[in-house]
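Chemist: Take a look at this one; I'll ask things after.
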Amino acid sequence: MPLNIALVSDQIAMDYLRPAFSARFPQARLHRIDTEVQELDALADIDAVVCWSPPIGLLARMPRLRLIQSVGAGTDHITRDTSLPDVPIRRIVDAEMAAGMNAYVAWAVVHGQRHMGGFIESQRRAAWEESPVVPPGRHRVGIAGLGVLGQSAARALLAIGYPVRGWSRSPKSGLPEGVEAFHGDAARAEFLAGCDTLVCLLPLTEDTQNILNAGLFAQLPRGARLVNAGRGAQLVQDDLLAALESGQIASAVLDAFVEEPLPPAHPFWHHPRITVTPHIATRTGPEAIARQTEDNLAQLR
């Protein structure tokens with residue numbers, strides 16, 4: 001039988017991958033199971049799944065499945081399914097992904113620290129309204145999550161001139177020179193107390209779900225800013241809205257959400273101190289995903 005590959009997601013349309021996979025696997029049969037197309041008639045024939053947030057229980061219905069390929073660097077969107085078959089799970093390894101995250105985090109930190117949102121509003125009113133320029137060296141940035149992306153973002157922020165501190169669940173070695181490191185629950189409050197902007201790049205686990213909550217916000221300096229480029233389920237949305245209302249949090253840049261796409265009626269869309277981006281902090285190109293899927297399949301032969 002020809003190779004059968006399913007492009008699967010319960011959050012996004014996966015048609016953007018079809019041209020690259022058709023070119024890389026010209027003899028394969030491609031199937032879509034996503035927010036727009038439900039090709040469920042060939043589940044018994046699927047050899048490989050290329051996915052972002054596959055529907056719970058779906059992969060267990062594929063008896064021939066040999067590979068579960070994430071389209072991103074994380075796999076928590078896959079492992080949330082407790083019914084997964086005993087099949088290798090592979091993530092994307094992409095140097096350009098780190099560069100994309102560096103650019104996003106640097107933009108988000110500067111956007112808040114330099115009050116760029118206010119200047120945009122001034123422009124709309126044709127108002128020349130200046131404000132004091134605070135140099136980066138006087139604004140402390142904390143990165144929660146010191147994996148590959150977190151360490152790379154730390155280097156980018158250090159190069160701009162921001163003092164950078166980082167927190168992780170367990171100790172990390174080989175951190176960029178200049179990063180003040182903290183780890184574990186015992187050190188979290190000390191870490192947060194020195195964050196004028198907190199950047200969340202944590203993976204989603206039982207420990208990090210709902211970690212961005214009222215208790216955490218209260219440990220930040222009053223008027224701190226939040227950037228969440230991690231996972232939507234790490235943020236308690238009502239707690240953020242309350243912290244913004246009280247002034248404990250000055251502003252937030254959010255790229256990940258519990259429900260994606262973010263519903264049109266969601267209060268985040270029109271909040272004056274929240275910037276919403278549609279989960280685009282960084283992405284791997286379709287050609288690289290197809291190539292790595294081919295490599296991972298070859299390793300299973």
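If you're wondering about the labels, chains in the structure tokens are A, B, ... by order shown, residues count from 1 in each chain, ligands from 1 in order shown.
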Using only C-alpha atoms, which protein or nucleic acid residues come within 9 Å of segment 269-280 of chain A? Drop anything in the same chain fewer than 3 positions from it, and give the result as a list in words.
Modeler: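 Here the answer would be Tyr104, Gly117, Ala229, Leu241, Leu244, Ala250, Ser251, Ala252, Val253, Leu254, Asp255, Ala256, Phe257, Glu260, Pro261, Leu262, Pro263, Pro264, Ala265, His266 and Arg283 of chain A.
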Chemist: Any chance you could export the current selection's all heavy atoms as a compact mmCIF listing (two decimals), in the first residue's frame?
Modeler:
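The new file selection_6.txt reads:
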# COMPACT_ATOMS: atom_id res chain seq x y z
N TYR A 104 10.33 37.91 18.19
CA TYR A 104 9.03 38.17 18.82
C TYR A 104 9.21 38.67 20.26
O TYR A 104 8.58 39.65 20.67
CB TYR A 104 8.19 36.89 18.81
CG TYR A 104 6.80 37.10 19.39
CD1 TYR A 104 5.75 37.47 18.57
CD2 TYR A 104 6.56 36.93 20.75
CE1 TYR A 104 4.47 37.67 19.09
CE2 TYR A 104 5.30 37.13 21.28
CZ TYR A 104 4.26 37.51 20.45
OH TYR A 104 3.00 37.72 20.98
N GLY A 117 2.59 51.18 22.54
CA GLY A 117 1.14 51.22 22.38
C GLY A 117 0.59 52.62 22.53
O GLY A 117 -0.32 53.04 21.79
N ALA A 229 4.34 33.71 25.47
CA ALA A 229 4.55 33.00 24.21
C ALA A 229 4.70 31.51 24.48
O ALA A 229 5.25 30.79 23.66
CB ALA A 229 5.78 33.55 23.49
N LEU A 241 -7.08 39.65 33.84
CA LEU A 241 -7.98 40.81 33.70
C LEU A 241 -8.08 41.56 35.02
O LEU A 241 -8.07 42.80 35.04
CB LEU A 241 -9.36 40.34 33.23
CG LEU A 241 -9.42 39.80 31.79
CD1 LEU A 241 -10.77 39.16 31.53
CD2 LEU A 241 -9.14 40.91 30.78
N LEU A 244 -4.80 43.50 35.62
CA LEU A 244 -4.75 44.70 34.78
C LEU A 244 -5.66 45.79 35.35
O LEU A 244 -5.31 46.98 35.36
CB LEU A 244 -5.18 44.35 33.35
CG LEU A 244 -4.18 43.52 32.54
CD1 LEU A 244 -4.86 42.92 31.32
CD2 LEU A 244 -2.98 44.36 32.11
N ALA A 250 0.75 46.02 34.22
CA ALA A 250 0.55 47.22 33.41
C ALA A 250 0.04 46.89 32.01
O ALA A 250 -0.79 47.62 31.45
CB ALA A 250 1.85 48.01 33.31
N SER A 251 0.53 45.80 31.44
CA SER A 251 0.13 45.43 30.08
C SER A 251 0.53 43.99 29.83
O SER A 251 1.34 43.41 30.57
CB SER A 251 0.78 46.35 29.04
OG SER A 251 2.19 46.16 29.02
N ALA A 252 -0.05 43.41 28.78
CA ALA A 252 0.26 42.03 28.43
C ALA A 252 0.29 41.86 26.92
O ALA A 252 -0.55 42.43 26.21
CB ALA A 252 -0.77 41.07 29.04
N VAL A 253 1.25 41.09 26.45
CA VAL A 253 1.31 40.64 25.06
C VAL A 253 1.09 39.13 25.09
O VAL A 253 1.84 38.40 25.75
CB VAL A 253 2.66 40.97 24.40
CG1 VAL A 253 2.73 40.37 23.00
CG2 VAL A 253 2.87 42.47 24.34
N LEU A 254 0.05 38.67 24.40
CA LEU A 254 -0.36 37.27 24.49
C LEU A 254 -0.37 36.64 23.10
O LEU A 254 -0.99 37.18 22.18
CB LEU A 254 -1.76 37.17 25.11
CG LEU A 254 -1.97 37.88 26.45
CD1 LEU A 254 -3.42 37.76 26.89
CD2 LEU A 254 -1.03 37.32 27.52
N ASP A 255 0.27 35.49 22.98
CA ASP A 255 0.34 34.80 21.69
C ASP A 255 -0.31 33.42 21.71
O ASP A 255 -0.50 32.83 20.65
CB ASP A 255 1.80 34.65 21.26
CG ASP A 255 1.95 34.12 19.84
OD1 ASP A 255 1.42 34.76 18.91
OD2 ASP A 255 2.57 33.05 19.66
N ALA A 256 -0.64 32.91 22.89
CA ALA A 256 -1.21 31.56 22.99
C ALA A 256 -2.44 31.61 23.89
O ALA A 256 -2.45 32.33 24.90
CB ALA A 256 -0.18 30.59 23.56
N PHE A 257 -3.45 30.80 23.55
CA PHE A 257 -4.72 30.89 24.22
C PHE A 257 -5.31 29.50 24.42
O PHE A 257 -4.99 28.56 23.67
CB PHE A 257 -5.69 31.76 23.41
CG PHE A 257 -5.10 33.11 23.09
CD1 PHE A 257 -4.38 33.30 21.91
CD2 PHE A 257 -5.21 34.16 23.98
CE1 PHE A 257 -3.79 34.53 21.63
CE2 PHE A 257 -4.63 35.39 23.70
CZ PHE A 257 -3.91 35.58 22.53
N GLU A 260 -8.24 28.40 20.50
CA GLU A 260 -7.69 29.05 19.29
C GLU A 260 -8.45 28.56 18.07
O GLU A 260 -8.68 27.35 17.93
CB GLU A 260 -6.19 28.74 19.15
CG GLU A 260 -5.37 29.32 20.28
CD GLU A 260 -3.88 29.06 20.13
OE1 GLU A 260 -3.48 28.38 19.15
OE2 GLU A 260 -3.11 29.53 20.98
N PRO A 261 -8.85 29.45 17.17
CA PRO A 261 -8.72 30.90 17.25
C PRO A 261 -9.46 31.50 18.45
O PRO A 261 -10.46 30.93 18.91
CB PRO A 261 -9.35 31.39 15.94
CG PRO A 261 -9.35 30.20 15.04
CD PRO A 261 -9.51 29.01 15.94
N LEU A 262 -8.98 32.63 18.92
CA LEU A 262 -9.62 33.32 20.03
C LEU A 262 -11.02 33.77 19.59
O LEU A 262 -11.16 34.41 18.55
CB LEU A 262 -8.77 34.52 20.44
CG LEU A 262 -9.10 35.20 21.77
CD1 LEU A 262 -8.84 34.25 22.93
CD2 LEU A 262 -8.28 36.47 21.93
N PRO A 263 -12.07 33.41 20.33
CA PRO A 263 -13.43 33.76 19.90
C PRO A 263 -13.61 35.27 19.74
O PRO A 263 -13.04 36.06 20.51
CB PRO A 263 -14.31 33.22 21.04
CG PRO A 263 -13.48 32.16 21.70
CD PRO A 263 -12.05 32.62 21.58
N PRO A 264 -14.41 35.71 18.78
CA PRO A 264 -14.60 37.15 18.52
C PRO A 264 -15.10 37.92 19.73
O PRO A 264 -14.79 39.11 19.87
CB PRO A 264 -15.62 37.17 17.38
CG PRO A 264 -15.44 35.85 16.69
CD PRO A 264 -15.10 34.88 17.77
N ALA A 265 -15.87 37.29 20.61
CA ALA A 265 -16.43 37.99 21.76
C ALA A 265 -15.49 37.99 22.97
O ALA A 265 -15.86 38.54 24.02
CB ALA A 265 -17.77 37.37 22.14
N HIS A 266 -14.32 37.43 22.84
CA HIS A 266 -13.42 37.34 24.00
C HIS A 266 -12.97 38.73 24.43
O HIS A 266 -12.63 39.57 23.60
CB HIS A 266 -12.21 36.48 23.65
CG HIS A 266 -11.47 35.97 24.85
ND1 HIS A 266 -10.66 36.77 25.62
CD2 HIS A 266 -11.45 34.74 25.42
CE1 HIS A 266 -10.15 36.06 26.61
NE2 HIS A 266 -10.61 34.82 26.52
N ARG A 283 7.36 30.09 13.86
CA ARG A 283 6.81 28.97 13.11
C ARG A 283 7.93 28.32 12.30
O ARG A 283 8.85 29.01 11.85
CB ARG A 283 5.71 29.43 12.15
CG ARG A 283 4.42 29.90 12.79
CD ARG A 283 3.49 28.75 13.09
NE ARG A 283 2.28 29.20 13.76
CZ ARG A 283 1.16 29.54 13.12
NH1 ARG A 283 1.11 29.49 11.80
NH2 ARG A 283 0.09 29.90 13.82
Chemist: Using DSSP assignments from the backbone, pull out every residue in segment 12-227 of chain A that falls under alpha helix (DSSP H) and give it to me as number ranges by chain.
Modeler: A: 18-24, 76-79, 95-113, 116-124, 148-160, 188-193, 214-219
Chemist: Can you measure atom CA of Val199 of chain A to atom CA of Ile12 of chain A for me? One decimal in Å is fine.
Modeler: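 One can read the atom CA of Val199 of chain A to atom CA of Ile12 of chain A distance as 24.8 Å.
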Chemist: Under the rule that only C-alpha atoms are counted, which of A:Ala126, A:Val134, A:Ala281, A:Leu59 is the nearest residue to Ala153 of chain A?
Modeler: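 Going through A:Ala126, A:Val134, A:Ala281, A:Leu59 one by one, the smallest distance to Ala153 of chain A is for A:Ala281.
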Chemist: Pick out the closest residue to Gly145 of chain A from this set: A:Arg91, A:His183, A:Arg291, A:His111. Count only C-alpha atoms.
Modeler: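 Of all the options, A:His183 lies closest to Gly145 of chain A.
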Chemist: Between A:Ala288, A:Ala186, A:Leu300, A:Ala103, single out the one closest to Arg24 of chain A, counting only C-alpha atoms.
Modeler: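 Using only C-alpha atoms, Arg24 of chain A sits closest to A:Ala288.
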Chemist: If you measure from atom CA of Val87 of chain A to atom CA of Leu297 of chain A, what distance in Å do you get, rounded to one decimal?
Modeler: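 Interatomic distance, atom CA of Val87 of chain A to atom CA of Leu297 of chain A: 11.8 Å.
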Chemist: Tell me which protein, DNA and RNA residues are within 12 Å of Asp86 of chain A, counting only C-alpha atoms, leaving out same-chain ones fewer than 4 positions away, and put them as JSON, numbers by chain.
Modeler: {"A": [59, 60, 62, 63, 64, 65, 66, 67, 68, 79, 82]}
Chemist: Take the residues from that selection and put them in a file with all heavy atoms, as a tab-separated table (two decimals), in the first residue's frame.
Modeler:
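The result, stored in again_23.tsv:
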chain	number	residue	atom	x	y	z
A	59	LEU	N	-5.76	9.29	17.60
A	59	LEU	CA	-4.59	8.52	17.17
A	59	LEU	C	-4.68	7.06	17.61
A	59	LEU	O	-4.11	6.18	16.96
A	59	LEU	CB	-3.31	9.16	17.71
A	59	LEU	CG	-3.10	10.64	17.36
A	59	LEU	CD1	-1.68	11.07	17.69
A	59	LEU	CD2	-3.43	10.93	15.91
A	60	ALA	N	-5.40	6.81	18.68
A	60	ALA	CA	-5.59	5.43	19.14
A	60	ALA	C	-6.44	4.62	18.17
A	60	ALA	O	-6.48	3.39	18.26
A	60	ALA	CB	-6.23	5.42	20.53
A	62	MET	N	-5.86	4.43	14.99
A	62	MET	CA	-5.04	4.21	13.79
A	62	MET	C	-4.11	3.03	14.03
A	62	MET	O	-2.98	3.18	14.51
A	62	MET	CB	-4.23	5.47	13.47
A	62	MET	CG	-5.08	6.70	13.22
A	62	MET	SD	-4.08	8.19	12.92
A	62	MET	CE	-5.37	9.42	12.64
A	63	PRO	N	-4.51	1.81	13.70
A	63	PRO	CA	-3.73	0.61	14.04
A	63	PRO	C	-2.39	0.50	13.33
A	63	PRO	O	-1.49	-0.19	13.81
A	63	PRO	CB	-4.67	-0.54	13.65
A	63	PRO	CG	-5.60	0.05	12.63
A	63	PRO	CD	-5.79	1.47	13.04
A	64	ARG	N	-2.24	1.17	12.17
A	64	ARG	CA	-0.97	1.08	11.42
A	64	ARG	C	-0.01	2.21	11.74
A	64	ARG	O	1.08	2.29	11.17
A	64	ARG	CB	-1.26	1.11	9.91
A	64	ARG	CG	-1.78	-0.20	9.36
A	64	ARG	CD	-1.93	-0.14	7.85
A	64	ARG	NE	-0.78	0.49	7.18
A	64	ARG	CZ	-0.64	0.53	5.86
A	64	ARG	NH1	-1.54	-0.02	5.08
A	64	ARG	NH2	0.40	1.13	5.32
A	65	LEU	N	-0.38	3.09	12.65
A	65	LEU	CA	0.41	4.30	12.91
A	65	LEU	C	1.83	3.95	13.36
A	65	LEU	O	2.03	3.13	14.26
A	65	LEU	CB	-0.29	5.13	13.98
A	65	LEU	CG	0.25	6.54	14.21
A	65	LEU	CD1	0.12	7.39	12.94
A	65	LEU	CD2	-0.49	7.22	15.37
A	66	ARG	N	2.82	4.58	12.69
A	66	ARG	CA	4.22	4.33	13.01
A	66	ARG	C	4.95	5.57	13.52
A	66	ARG	O	6.01	5.46	14.13
A	66	ARG	CB	4.97	3.82	11.77
A	66	ARG	CG	4.49	2.48	11.26
A	66	ARG	CD	5.38	1.95	10.16
A	66	ARG	NE	5.21	2.68	8.91
A	66	ARG	CZ	6.20	3.25	8.23
A	66	ARG	NH1	7.43	3.21	8.69
A	66	ARG	NH2	5.96	3.87	7.09
A	67	LEU	N	4.40	6.76	13.26
A	67	LEU	CA	5.09	8.00	13.64
A	67	LEU	C	4.06	9.08	13.95
A	67	LEU	O	3.09	9.26	13.21
A	67	LEU	CB	6.00	8.48	12.51
A	67	LEU	CG	6.66	9.86	12.71
A	67	LEU	CD1	7.70	9.79	13.82
A	67	LEU	CD2	7.29	10.36	11.41
A	68	ILE	N	4.31	9.80	15.06
A	68	ILE	CA	3.54	10.99	15.40
A	68	ILE	C	4.51	12.17	15.33
A	68	ILE	O	5.44	12.26	16.14
A	68	ILE	CB	2.91	10.89	16.80
A	68	ILE	CG1	2.02	9.65	16.90
A	68	ILE	CG2	2.11	12.16	17.11
A	68	ILE	CD1	1.55	9.36	18.32
A	79	THR	N	0.94	14.85	23.95
A	79	THR	CA	0.96	13.97	25.13
A	79	THR	C	-0.15	14.25	26.12
A	79	THR	O	-0.33	13.50	27.08
A	79	THR	CB	2.32	14.07	25.84
A	79	THR	OG1	2.58	15.44	26.19
A	79	THR	CG2	3.45	13.59	24.94
A	82	THR	N	-4.12	10.83	26.91
A	82	THR	CA	-3.67	9.67	27.69
A	82	THR	C	-3.93	8.34	26.97
A	82	THR	O	-3.49	7.30	27.45
A	82	THR	CB	-4.38	9.64	29.06
A	82	THR	OG1	-5.80	9.61	28.85
A	82	THR	CG2	-4.02	10.87	29.88
Chemist: Could you give me, as a VMD selection string, the residues within 9 Å of Gly161 of chain A, counting only C-alpha atoms and dropping anything in the same chain fewer than 5 positions from it?
Modeler: chain A and resid 135 to 137 156
Chemist: What's around Ser53 of chain A at 6 Å? Count only C-alpha atoms, leave out sequence neighbours fewer than 5 positions away in its own chain, and write the answer as a compact mmCIF listing (two decimals) with N, CA, C and O atoms, in the first residue's frame.
Modeler:
# COMPACT_ATOMS: atom_id res chain seq x y z
N SER A 9 -5.24 18.38 13.17
CA SER A 9 -5.29 19.40 14.21
C SER A 9 -6.74 19.67 14.59
O SER A 9 -7.63 19.64 13.73
N ASP A 10 -6.98 19.93 15.88
CA ASP A 10 -8.31 20.37 16.28
C ASP A 10 -8.36 21.88 16.52
O ASP A 10 -9.34 22.40 17.03
N HIS A 77 1.14 19.26 23.34
CA HIS A 77 -0.17 19.27 22.69
C HIS A 77 -0.56 17.87 22.21
O HIS A 77 -1.72 17.61 21.91
N ILE A 78 0.42 16.97 22.14
CA ILE A 78 0.18 15.58 21.77
C ILE A 78 0.02 14.71 23.02
O ILE A 78 -0.94 13.94 23.14
Chemist: Could you check the closest approach to Ala44 of chain A for each of A:Asn4, A:Gln219, A:Thr197, A:Gln237 and tell me which residue wins, using only C-alpha atoms?
Modeler: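 Looking only at the distances to Ala44 of chain A, the closest residue turns out to be A:Asn4.
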Chemist: Take atom CA of His31 of chain A and atom CA of Pro286 of chain A and report the distance between them in Å, one decimal.
Modeler: 15.8 Å
Chemist: Looking at only C-alpha atoms, which of A:Ala95, A:Val179, A:Leu220, A:Ile249 is the one that sits closest to Leu192 of chain A?
Modeler: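 When distances to Leu192 of chain A are compared using only C-alpha atoms, the smallest one comes from A:Leu220.
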Chemist: Compile the contact shell of Val133 of chain A as an MDAnalysis selection string: residues with an atom at most 12 Å away, counting only C-alpha atoms, same-chain residues fewer than 4 positions apart removed.
Modeler: chainID A and resid 110 113:116 137:139
Chemist: Could you write out, as a PyMOL selection string, all the residues of segment 118-239 of chain A that DSSP marks as strand (DSSP E or B)?
Modeler: chain A and resi 141-144+164-168+180-183+197-200+212+224-228+235
Chemist: Show me, as a VMD selection string, the residues that have an atom within 12 Å of segment 204-207 of chain A when counting only C-alpha atoms, minus same-chain residues fewer than 6 positions from it.
Modeler: chain A and resid 74 to 80 144 to 145 168 to 169 184 to 185 229 to 235 256 258
Chemist: Which one of A:Arg155, A:Lys172, A:Arg225, A:Arg29 sits closest to Leu198 of chain A if you count only C-alpha atoms?
Modeler: A:Arg225
